[in-house]
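Asker: Structure supplied as start_17.pdb; contents: PDB, N, CA, C and O atoms.
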```pdb
ATOM      1  N   MET A   1     -11.018  59.979 -75.478
ATOM      2  CA  MET A   1     -11.384  58.588 -75.696
ATOM      3  C   MET A   1     -10.582  58.039 -76.867
ATOM      4  O   MET A   1     -10.542  58.611 -77.943
ATOM      5  N   ASP A   2      -9.946  56.931 -76.635
ATOM      6  CA  ASP A   2      -9.202  56.262 -77.693
ATOM      7  C   ASP A   2     -10.207  55.647 -78.669
ATOM      8  O   ASP A   2     -11.124  54.951 -78.274
ATOM      9  N   GLU A   3     -10.052  55.910 -79.948
ATOM     10  CA  GLU A   3     -11.040  55.460 -80.918
ATOM     11  C   GLU A   3     -10.540  54.331 -81.808
ATOM     12  O   GLU A   3     -11.089  54.094 -82.874
ATOM     13  N   GLU A   4      -9.527  53.625 -81.384
ATOM     14  CA  GLU A   4      -9.033  52.488 -82.152
ATOM     15  C   GLU A   4      -9.284  51.215 -81.367
ATOM     16  O   GLU A   4      -8.821  51.068 -80.236
ATOM     17  N   TYR A   5     -10.041  50.301 -81.962
ATOM     18  CA  TYR A   5     -10.407  49.043 -81.324
ATOM     19  C   TYR A   5     -10.149  47.907 -82.298
ATOM     20  O   TYR A   5     -10.241  48.079 -83.517
ATOM     21  N   ASP A   6      -9.863  46.744 -81.767
ATOM     22  CA  ASP A   6      -9.724  45.560 -82.609
ATOM     23  C   ASP A   6     -11.104  45.050 -83.038
ATOM     24  O   ASP A   6     -11.269  44.560 -84.149
ATOM     25  N   VAL A   7     -12.066  45.185 -82.133
ATOM     26  CA  VAL A   7     -13.404  44.638 -82.375
ATOM     27  C   VAL A   7     -14.448  45.582 -81.796
ATOM     28  O   VAL A   7     -14.256  46.131 -80.708
ATOM     29  N   ILE A   8     -15.542  45.762 -82.521
ATOM     30  CA  ILE A   8     -16.699  46.488 -82.006
ATOM     31  C   ILE A   8     -17.866  45.525 -81.991
ATOM     32  O   ILE A   8     -18.194  44.915 -83.018
ATOM     33  N   ILE A   9     -18.484  45.373 -80.823
ATOM     34  CA  ILE A   9     -19.617  44.461 -80.670
ATOM     35  C   ILE A   9     -20.852  45.274 -80.335
ATOM     36  O   ILE A   9     -20.856  46.053 -79.378
ATOM     37  N   LEU A  10     -21.894  45.080 -81.136
ATOM     38  CA  LEU A  10     -23.156  45.786 -80.948
ATOM     39  C   LEU A  10     -24.163  44.858 -80.312
ATOM     40  O   LEU A  10     -24.423  43.771 -80.816
ATOM     41  N   GLY A  11     -24.733  45.280 -79.184
ATOM     42  CA  GLY A  11     -25.733  44.472 -78.489
ATOM     43  C   GLY A  11     -25.174  43.844 -77.236
ATOM     44  O   GLY A  11     -23.966  43.600 -77.122
ATOM     45  N   THR A  12     -26.059  43.607 -76.265
ATOM     46  CA  THR A  12     -25.622  43.035 -74.988
ATOM     47  C   THR A  12     -26.398  41.779 -74.626
ATOM     48  O   THR A  12     -26.638  41.488 -73.464
ATOM     49  N   GLY A  13     -26.783  41.028 -75.635
ATOM     50  CA  GLY A  13     -27.390  39.726 -75.385
ATOM     51  C   GLY A  13     -26.324  38.738 -74.931
ATOM     52  O   GLY A  13     -25.124  39.053 -74.882
ATOM     53  N   LEU A  14     -26.741  37.543 -74.596
ATOM     54  CA  LEU A  14     -25.813  36.528 -74.086
ATOM     55  C   LEU A  14     -24.680  36.249 -75.064
ATOM     56  O   LEU A  14     -23.503  36.204 -74.681
ATOM     57  N   THR A  15     -25.001  36.076 -76.331
ATOM     58  CA  THR A  15     -23.975  35.774 -77.333
ATOM     59  C   THR A  15     -22.941  36.891 -77.425
ATOM     60  O   THR A  15     -21.732  36.633 -77.435
ATOM     61  N   GLU A  16     -23.424  38.129 -77.476
ATOM     62  CA  GLU A  16     -22.514  39.272 -77.589
ATOM     63  C   GLU A  16     -21.629  39.416 -76.355
ATOM     64  O   GLU A  16     -20.446  39.738 -76.462
ATOM     65  N   CYS A  17     -22.192  39.163 -75.192
ATOM     66  CA  CYS A  17     -21.412  39.253 -73.948
ATOM     67  C   CYS A  17     -20.332  38.180 -73.882
ATOM     68  O   CYS A  17     -19.203  38.451 -73.477
ATOM     69  N   MET A  18     -20.687  36.966 -74.288
ATOM     70  CA  MET A  18     -19.695  35.884 -74.298
ATOM     71  C   MET A  18     -18.570  36.201 -75.283
ATOM     72  O   MET A  18     -17.388  36.060 -74.961
ATOM     73  N   LEU A  19     -18.941  36.640 -76.462
ATOM     74  CA  LEU A  19     -17.947  36.975 -77.479
ATOM     75  C   LEU A  19     -17.028  38.103 -77.007
ATOM     76  O   LEU A  19     -15.808  38.024 -77.145
ATOM     77  N   SER A  20     -17.611  39.125 -76.415
ATOM     78  CA  SER A  20     -16.835  40.247 -75.900
ATOM     79  C   SER A  20     -15.826  39.786 -74.845
ATOM     80  O   SER A  20     -14.655  40.175 -74.874
ATOM     81  N   GLY A  21     -16.285  38.971 -73.920
ATOM     82  CA  GLY A  21     -15.406  38.462 -72.869
ATOM     83  C   GLY A  21     -14.274  37.608 -73.397
ATOM     84  O   GLY A  21     -13.117  37.755 -72.998
ATOM     85  N   ILE A  22     -14.608  36.708 -74.308
ATOM     86  CA  ILE A  22     -13.582  35.818 -74.887
ATOM     87  C   ILE A  22     -12.526  36.620 -75.629
ATOM     88  O   ILE A  22     -11.323  36.391 -75.466
ATOM     89  N   LEU A  23     -12.977  37.572 -76.442
ATOM     90  CA  LEU A  23     -12.013  38.370 -77.206
ATOM     91  C   LEU A  23     -11.147  39.241 -76.295
ATOM     92  O   LEU A  23      -9.949  39.401 -76.537
ATOM     93  N   ALA A  24     -11.730  39.795 -75.248
ATOM     94  CA  ALA A  24     -10.959  40.614 -74.310
ATOM     95  C   ALA A  24      -9.901  39.778 -73.582
ATOM     96  O   ALA A  24      -8.757  40.209 -73.423
ATOM     97  N   VAL A  25     -10.276  38.579 -73.170
ATOM     98  CA  VAL A  25      -9.321  37.684 -72.501
ATOM     99  C   VAL A  25      -8.176  37.306 -73.446
ATOM    100  O   VAL A  25      -7.030  37.149 -73.018
ATOM    101  N   GLU A  26      -8.490  37.217 -74.720
ATOM    102  CA  GLU A  26      -7.462  36.891 -75.715
ATOM    103  C   GLU A  26      -6.590  38.094 -76.077
ATOM    104  O   GLU A  26      -5.729  38.007 -76.944
ATOM    105  N   GLY A  27      -6.828  39.240 -75.424
ATOM    106  CA  GLY A  27      -5.974  40.400 -75.621
ATOM    107  C   GLY A  27      -6.472  41.405 -76.644
ATOM    108  O   GLY A  27      -5.761  42.365 -76.963
ATOM    109  N   LYS A  28      -7.673  41.216 -77.153
ATOM    110  CA  LYS A  28      -8.234  42.170 -78.117
ATOM    111  C   LYS A  28      -8.793  43.382 -77.388
ATOM    112  O   LYS A  28      -9.280  43.282 -76.268
ATOM    113  N   LYS A  29      -8.704  44.537 -78.032
ATOM    114  CA  LYS A  29      -9.299  45.750 -77.491
ATOM    115  C   LYS A  29     -10.725  45.822 -78.026
ATOM    116  O   LYS A  29     -10.936  45.979 -79.232
ATOM    117  N   VAL A  30     -11.711  45.693 -77.111
ATOM    118  CA  VAL A  30     -13.109  45.534 -77.494
ATOM    119  C   VAL A  30     -13.926  46.750 -77.067
ATOM    120  O   VAL A  30     -13.849  47.188 -75.927
ATOM    121  N   LEU A  31     -14.725  47.262 -77.998
ATOM    122  CA  LEU A  31     -15.741  48.265 -77.688
ATOM    123  C   LEU A  31     -17.079  47.538 -77.749
ATOM    124  O   LEU A  31     -17.467  47.023 -78.793
ATOM    125  N   HIS A  32     -17.759  47.466 -76.614
ATOM    126  CA  HIS A  32     -19.006  46.701 -76.492
ATOM    127  C   HIS A  32     -20.112  47.684 -76.130
ATOM    128  O   HIS A  32     -20.119  48.235 -75.034
ATOM    129  N   ILE A  33     -21.052  47.915 -77.054
ATOM    130  CA  ILE A  33     -22.084  48.920 -76.837
ATOM    131  C   ILE A  33     -23.469  48.377 -77.172
ATOM    132  O   ILE A  33     -23.607  47.376 -77.865
ATOM    133  N   ASP A  34     -24.480  49.064 -76.655
ATOM    134  CA  ASP A  34     -25.863  48.714 -76.919
ATOM    135  C   ASP A  34     -26.672  49.992 -77.078
ATOM    136  O   ASP A  34     -26.363  51.003 -76.441
ATOM    137  N   ARG A  35     -27.694  49.960 -77.891
ATOM    138  CA  ARG A  35     -28.528  51.154 -78.093
ATOM    139  C   ARG A  35     -29.491  51.388 -76.942
ATOM    140  O   ARG A  35     -30.029  52.471 -76.782
ATOM    141  N   ASN A  36     -29.737  50.362 -76.134
ATOM    142  CA  ASN A  36     -30.659  50.483 -74.997
ATOM    143  C   ASN A  36     -29.949  51.048 -73.778
ATOM    144  O   ASN A  36     -28.729  51.000 -73.680
ATOM    145  N   ASN A  37     -30.731  51.544 -72.830
ATOM    146  CA  ASN A  37     -30.139  52.060 -71.591
ATOM    147  C   ASN A  37     -30.126  50.987 -70.503
ATOM    148  O   ASN A  37     -29.997  51.281 -69.329
ATOM    149  N   PHE A  38     -30.269  49.737 -70.922
ATOM    150  CA  PHE A  38     -30.159  48.595 -70.009
ATOM    151  C   PHE A  38     -29.320  47.527 -70.687
ATOM    152  O   PHE A  38     -29.087  47.574 -71.889
ATOM    153  N   TYR A  39     -28.877  46.591 -69.905
ATOM    154  CA  TYR A  39     -27.943  45.578 -70.362
ATOM    155  C   TYR A  39     -28.638  44.224 -70.419
ATOM    156  O   TYR A  39     -29.407  43.898 -69.539
ATOM    157  N   GLY A  40     -28.434  43.458 -71.461
ATOM    158  CA  GLY A  40     -28.904  42.088 -71.456
ATOM    159  C   GLY A  40     -29.722  41.628 -72.638
ATOM    160  O   GLY A  40     -30.161  40.493 -72.675
ATOM    161  N   GLY A  41     -29.974  42.461 -73.616
ATOM    162  CA  GLY A  41     -30.708  42.032 -74.804
ATOM    163  C   GLY A  41     -32.080  41.490 -74.457
ATOM    164  O   GLY A  41     -32.812  42.061 -73.651
ATOM    165  N   GLU A  42     -32.442  40.353 -75.064
ATOM    166  CA  GLU A  42     -33.764  39.769 -74.858
ATOM    167  C   GLU A  42     -33.950  39.178 -73.465
ATOM    168  O   GLU A  42     -35.077  38.936 -73.038
ATOM    169  N   CYS A  43     -32.876  38.910 -72.759
ATOM    170  CA  CYS A  43     -32.991  38.320 -71.423
ATOM    171  C   CYS A  43     -32.767  39.371 -70.332
ATOM    172  O   CYS A  43     -32.462  39.038 -69.203
ATOM    173  N   ALA A  44     -32.930  40.646 -70.684
ATOM    174  CA  ALA A  44     -32.674  41.735 -69.735
ATOM    175  C   ALA A  44     -33.750  41.815 -68.666
ATOM    176  O   ALA A  44     -34.902  41.462 -68.883
ATOM    177  N   SER A  45     -33.342  42.285 -67.530
ATOM    178  CA  SER A  45     -34.313  42.657 -66.507
ATOM    179  C   SER A  45     -34.282  44.171 -66.403
ATOM    180  O   SER A  45     -33.224  44.788 -66.461
ATOM    181  N   VAL A  46     -35.455  44.764 -66.350
ATOM    182  CA  VAL A  46     -35.558  46.218 -66.272
ATOM    183  C   VAL A  46     -36.385  46.590 -65.054
ATOM    184  O   VAL A  46     -37.167  45.784 -64.546
ATOM    185  N   ASN A  47     -36.222  47.822 -64.600
ATOM    186  CA  ASN A  47     -37.006  48.259 -63.448
ATOM    187  C   ASN A  47     -38.318  48.889 -63.913
ATOM    188  O   ASN A  47     -38.546  49.081 -65.111
ATOM    189  N   LEU A  48     -39.180  49.221 -62.984
ATOM    190  CA  LEU A  48     -40.501  49.745 -63.291
ATOM    191  C   LEU A  48     -40.434  51.060 -64.059
ATOM    192  O   LEU A  48     -41.188  51.284 -65.012
ATOM    193  N   THR A  49     -39.500  51.915 -63.695
ATOM    194  CA  THR A  49     -39.342  53.188 -64.398
ATOM    195  C   THR A  49     -38.985  52.961 -65.860
ATOM    196  O   THR A  49     -39.531  53.599 -66.761
ATOM    197  N   GLN A  50     -38.086  52.026 -66.126
ATOM    198  CA  GLN A  50     -37.704  51.721 -67.504
ATOM    199  C   GLN A  50     -38.879  51.142 -68.292
ATOM    200  O   GLN A  50     -39.040  51.449 -69.474
ATOM    201  N   LEU A  51     -39.695  50.324 -67.655
ATOM    202  CA  LEU A  51     -40.883  49.787 -68.330
ATOM    203  C   LEU A  51     -41.841  50.898 -68.729
ATOM    204  O   LEU A  51     -42.359  50.919 -69.845
ATOM    205  N   TYR A  52     -42.094  51.821 -67.823
ATOM    206  CA  TYR A  52     -42.989  52.942 -68.118
ATOM    207  C   TYR A  52     -42.410  53.838 -69.215
ATOM    208  O   TYR A  52     -43.137  54.308 -70.091
ATOM    209  N   GLU A  53     -41.114  54.084 -69.173
ATOM    210  CA  GLU A  53     -40.485  54.903 -70.210
ATOM    211  C   GLU A  53     -40.674  54.284 -71.585
ATOM    212  O   GLU A  53     -40.954  54.975 -72.557
ATOM    213  N   ARG A  54     -40.551  52.980 -71.647
ATOM    214  CA  ARG A  54     -40.621  52.297 -72.946
ATOM    215  C   ARG A  54     -42.046  52.080 -73.442
ATOM    216  O   ARG A  54     -42.331  52.264 -74.613
ATOM    217  N   PHE A  55     -42.956  51.677 -72.553
ATOM    218  CA  PHE A  55     -44.286  51.264 -72.987
ATOM    219  C   PHE A  55     -45.407  52.232 -72.624
ATOM    220  O   PHE A  55     -46.544  52.029 -73.022
ATOM    221  N   ARG A  56     -45.099  53.268 -71.866
ATOM    222  CA  ARG A  56     -46.110  54.261 -71.483
ATOM    223  C   ARG A  56     -45.684  55.668 -71.895
ATOM    224  O   ARG A  56     -45.985  56.645 -71.214
ATOM    225  N   ASP A  57     -44.979  55.754 -73.008
ATOM    226  CA  ASP A  57     -44.556  57.044 -73.572
ATOM    227  C   ASP A  57     -43.856  57.947 -72.563
ATOM    228  O   ASP A  57     -44.109  59.152 -72.507
ATOM    229  N   GLY A  58     -42.992  57.375 -71.756
ATOM    230  CA  GLY A  58     -42.194  58.166 -70.823
ATOM    231  C   GLY A  58     -42.895  58.586 -69.557
ATOM    232  O   GLY A  58     -42.372  59.373 -68.786
ATOM    233  N   ALA A  59     -44.119  58.078 -69.321
ATOM    234  CA  ALA A  59     -44.863  58.444 -68.105
ATOM    235  C   ALA A  59     -44.156  57.914 -66.869
ATOM    236  O   ALA A  59     -43.420  56.919 -66.922
ATOM    237  N   GLU A  60     -44.368  58.582 -65.757
ATOM    238  CA  GLU A  60     -43.823  58.143 -64.471
ATOM    239  C   GLU A  60     -44.709  57.039 -63.900
ATOM    240  O   GLU A  60     -45.942  57.140 -63.988
ATOM    241  N   PRO A  61     -44.134  56.017 -63.290
ATOM    242  CA  PRO A  61     -44.969  55.011 -62.629
ATOM    243  C   PRO A  61     -45.662  55.614 -61.406
ATOM    244  O   PRO A  61     -45.108  56.521 -60.771
ATOM    245  N   PRO A  62     -46.857  55.128 -61.072
ATOM    246  CA  PRO A  62     -47.551  55.643 -59.887
ATOM    247  C   PRO A  62     -46.700  55.456 -58.618
ATOM    248  O   PRO A  62     -46.043  54.425 -58.454
ATOM    249  N   LYS A  63     -46.709  56.448 -57.755
ATOM    250  CA  LYS A  63     -45.897  56.414 -56.522
ATOM    251  C   LYS A  63     -46.261  55.228 -55.622
ATOM    252  O   LYS A  63     -45.417  54.678 -54.942
ATOM    253  N   GLU A  64     -47.542  54.826 -55.639
ATOM    254  CA  GLU A  64     -47.961  53.721 -54.775
ATOM    255  C   GLU A  64     -47.376  52.365 -55.215
ATOM    256  O   GLU A  64     -47.421  51.390 -54.472
ATOM    257  N   LEU A  65     -46.797  52.303 -56.421
ATOM    258  CA  LEU A  65     -46.165  51.077 -56.885
ATOM    259  C   LEU A  65     -44.703  50.968 -56.453
ATOM    260  O   LEU A  65     -44.068  49.949 -56.661
ATOM    261  N   GLY A  66     -44.197  52.037 -55.883
ATOM    262  CA  GLY A  66     -42.826  51.976 -55.365
ATOM    263  C   GLY A  66     -41.820  52.590 -56.146
ATOM    264  O   GLY A  66     -41.413  53.173 -56.901
TER     265      GLY A  66
END
```
Could you take the file, read its structure, and then write that structure out as structure tokens?
Answerer:
Amino acid sequence: MDEEYDVIILGTGLTECMLSGILAVEGKKVLHIDRNNFYGGECASVNLTQLYERFRDGAEPPKELG
């Protein structure tokens, strides 16, 4: 992995995504990362398994929920 970047962007909210895209189009080498295992910051959509992992201490969702 090449470890030299022009810009490092932390977070995947709307602002960070726009900034990352603009800088990449302008020819900058961008590393865009987030600490979460989903993309989108505060406006993210997550699946049922991810909700249970986060708010039910890693429990599995009931099978009858899909």
Asker: Can you tell me, as a list in words, what residues are no more than 8 Å from Ala44 (chain A) when counting all atoms listed in the file, ignoring any on the same chain fewer than 4 positions away?
Answerer: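 Those residues are Thr12, Gly13, Leu14, Phe38, Tyr39 and Gly40 of chain A.
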Asker: Would you compute an axis-aligned box for region 47-64 of chain A, covering every atom listed for it in the file with 3 Å of margin on each side, and report centre and edge lengths in Å to one decimal as lines of an AutoDock Vina configuration file?
Answerer:
```
center_x = -42.1
center_y = 53.6
center_z = -64.5
size_x = 17.7
size_y = 17.6
size_z = 26.1
```
Asker: With the file shown as input, list the residues that the PyMOL selection byres ((chain A and resi 6-8) around 6) selects, as a ChimeraX atom specification.
Answerer: /A:4-5,9-10,28-32
Asker: Pull the strand (DSSP E or B) assignments for chain A out of DSSP run on the backbone, and list those residues as a list in words.
Answerer: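 Matching residues, listed in order: Val7, Ile8, Ile9, Leu10, Val30, Leu31, His32 and Ile33 of chain A.
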Asker: Could you tell me how far CA of Gly11 (chain A) sits from CA of Ile33 (chain A), in Å to one decimal place?
Answerer: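 Computing the Euclidean distance for CA of Ile33 (chain A) and CA of Gly11 (chain A) yields 6.0 Å.
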Asker: Can you pull out the residues contacting region 50-52 of chain A? Cut-off 12 Å, using only C-alpha atoms, and skip same-chain residues under 2 positions away; I want them as a PyMOL selection string.
Answerer: chain A and resi 36-39+44-48+54-62+65
Asker: To one decimal place, how far is CA of Gly66 (chain A) from atom O of Thr49 (chain A) in Å?
Answerer: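 So the answer is 12.0 Å.
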Asker: Report, in Å with one decimal, the straight-line distance from atom O of Asp34 (chain A) to atom C of Leu19 (chain A).
Answerer: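 About the pair atom O of Asp34 (chain A) and atom C of Leu19 (chain A): they are 15.9 Å apart.
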Asker: Please complete region 16-27 of chain A with all heavy atoms and give it back as an mmCIF file, in the coordinates of the input.
Answerer:
```
data_model
loop_
_atom_site.group_PDB
_atom_site.id
_atom_site.type_symbol
_atom_site.label_atom_id
_atom_site.label_comp_id
_atom_site.auth_asym_id
_atom_site.auth_seq_id
_atom_site.Cartn_x
_atom_site.Cartn_y
_atom_site.Cartn_z
ATOM 1 N N GLU A 16 -23.424 38.129 -77.476
ATOM 2 C CA GLU A 16 -22.514 39.272 -77.589
ATOM 3 C C GLU A 16 -21.629 39.416 -76.355
ATOM 4 O O GLU A 16 -20.446 39.738 -76.462
ATOM 5 C CB GLU A 16 -23.304 40.565 -77.818
ATOM 6 C CG GLU A 16 -24.031 40.628 -79.145
ATOM 7 C CD GLU A 16 -25.398 39.963 -79.130
ATOM 8 O OE1 GLU A 16 -25.828 39.477 -78.076
ATOM 9 O OE2 GLU A 16 -26.032 39.946 -80.196
ATOM 10 N N CYS A 17 -22.192 39.163 -75.192
ATOM 11 C CA CYS A 17 -21.412 39.253 -73.948
ATOM 12 C C CYS A 17 -20.332 38.180 -73.882
ATOM 13 O O CYS A 17 -19.203 38.451 -73.477
ATOM 14 C CB CYS A 17 -22.338 39.159 -72.739
ATOM 15 S SG CYS A 17 -23.405 40.591 -72.554
ATOM 16 N N MET A 18 -20.687 36.966 -74.288
ATOM 17 C CA MET A 18 -19.695 35.884 -74.298
ATOM 18 C C MET A 18 -18.570 36.201 -75.283
ATOM 19 O O MET A 18 -17.388 36.060 -74.961
ATOM 20 C CB MET A 18 -20.365 34.556 -74.670
ATOM 21 C CG MET A 18 -21.387 34.079 -73.667
ATOM 22 S SD MET A 18 -20.682 33.678 -72.076
ATOM 23 C CE MET A 18 -19.740 32.237 -72.476
ATOM 24 N N LEU A 19 -18.941 36.640 -76.462
ATOM 25 C CA LEU A 19 -17.947 36.975 -77.479
ATOM 26 C C LEU A 19 -17.028 38.103 -77.007
ATOM 27 O O LEU A 19 -15.808 38.024 -77.145
ATOM 28 C CB LEU A 19 -18.654 37.378 -78.772
ATOM 29 C CG LEU A 19 -17.785 37.697 -79.971
ATOM 30 C CD1 LEU A 19 -16.906 36.509 -80.340
ATOM 31 C CD2 LEU A 19 -18.651 38.107 -81.143
ATOM 32 N N SER A 20 -17.611 39.125 -76.415
ATOM 33 C CA SER A 20 -16.835 40.247 -75.900
ATOM 34 C C SER A 20 -15.826 39.786 -74.845
ATOM 35 O O SER A 20 -14.655 40.175 -74.874
ATOM 36 C CB SER A 20 -17.779 41.290 -75.307
ATOM 37 O OG SER A 20 -17.076 42.359 -74.751
ATOM 38 N N GLY A 21 -16.285 38.971 -73.920
ATOM 39 C CA GLY A 21 -15.406 38.462 -72.869
ATOM 40 C C GLY A 21 -14.274 37.608 -73.397
ATOM 41 O O GLY A 21 -13.117 37.755 -72.998
ATOM 42 N N ILE A 22 -14.608 36.708 -74.308
ATOM 43 C CA ILE A 22 -13.582 35.818 -74.887
ATOM 44 C C ILE A 22 -12.526 36.620 -75.629
ATOM 45 O O ILE A 22 -11.323 36.391 -75.466
ATOM 46 C CB ILE A 22 -14.245 34.780 -75.815
ATOM 47 C CG1 ILE A 22 -15.058 33.780 -74.982
ATOM 48 C CG2 ILE A 22 -13.202 34.056 -76.660
ATOM 49 C CD1 ILE A 22 -15.981 32.899 -75.804
ATOM 50 N N LEU A 23 -12.977 37.572 -76.442
ATOM 51 C CA LEU A 23 -12.013 38.370 -77.206
ATOM 52 C C LEU A 23 -11.147 39.241 -76.295
ATOM 53 O O LEU A 23 -9.949 39.401 -76.537
ATOM 54 C CB LEU A 23 -12.757 39.228 -78.236
ATOM 55 C CG LEU A 23 -13.394 38.449 -79.385
ATOM 56 C CD1 LEU A 23 -14.301 39.356 -80.202
ATOM 57 C CD2 LEU A 23 -12.338 37.809 -80.262
ATOM 58 N N ALA A 24 -11.730 39.795 -75.248
ATOM 59 C CA ALA A 24 -10.959 40.614 -74.310
ATOM 60 C C ALA A 24 -9.901 39.778 -73.582
ATOM 61 O O ALA A 24 -8.757 40.209 -73.423
ATOM 62 C CB ALA A 24 -11.888 41.283 -73.307
ATOM 63 N N VAL A 25 -10.276 38.579 -73.170
ATOM 64 C CA VAL A 25 -9.321 37.684 -72.501
ATOM 65 C C VAL A 25 -8.176 37.306 -73.446
ATOM 66 O O VAL A 25 -7.030 37.149 -73.018
ATOM 67 C CB VAL A 25 -10.047 36.426 -71.963
ATOM 68 C CG1 VAL A 25 -9.064 35.354 -71.548
ATOM 69 C CG2 VAL A 25 -10.945 36.803 -70.797
ATOM 70 N N GLU A 26 -8.490 37.217 -74.720
ATOM 71 C CA GLU A 26 -7.462 36.891 -75.715
ATOM 72 C C GLU A 26 -6.590 38.094 -76.077
ATOM 73 O O GLU A 26 -5.729 38.007 -76.944
ATOM 74 C CB GLU A 26 -8.120 36.333 -76.989
ATOM 75 C CG GLU A 26 -8.747 34.970 -76.801
ATOM 76 C CD GLU A 26 -7.715 33.910 -76.476
ATOM 77 O OE1 GLU A 26 -6.649 33.882 -77.135
ATOM 78 O OE2 GLU A 26 -7.969 33.104 -75.561
ATOM 79 N N GLY A 27 -6.828 39.240 -75.424
ATOM 80 C CA GLY A 27 -5.974 40.400 -75.621
ATOM 81 C C GLY A 27 -6.472 41.405 -76.644
ATOM 82 O O GLY A 27 -5.761 42.365 -76.963
#
```
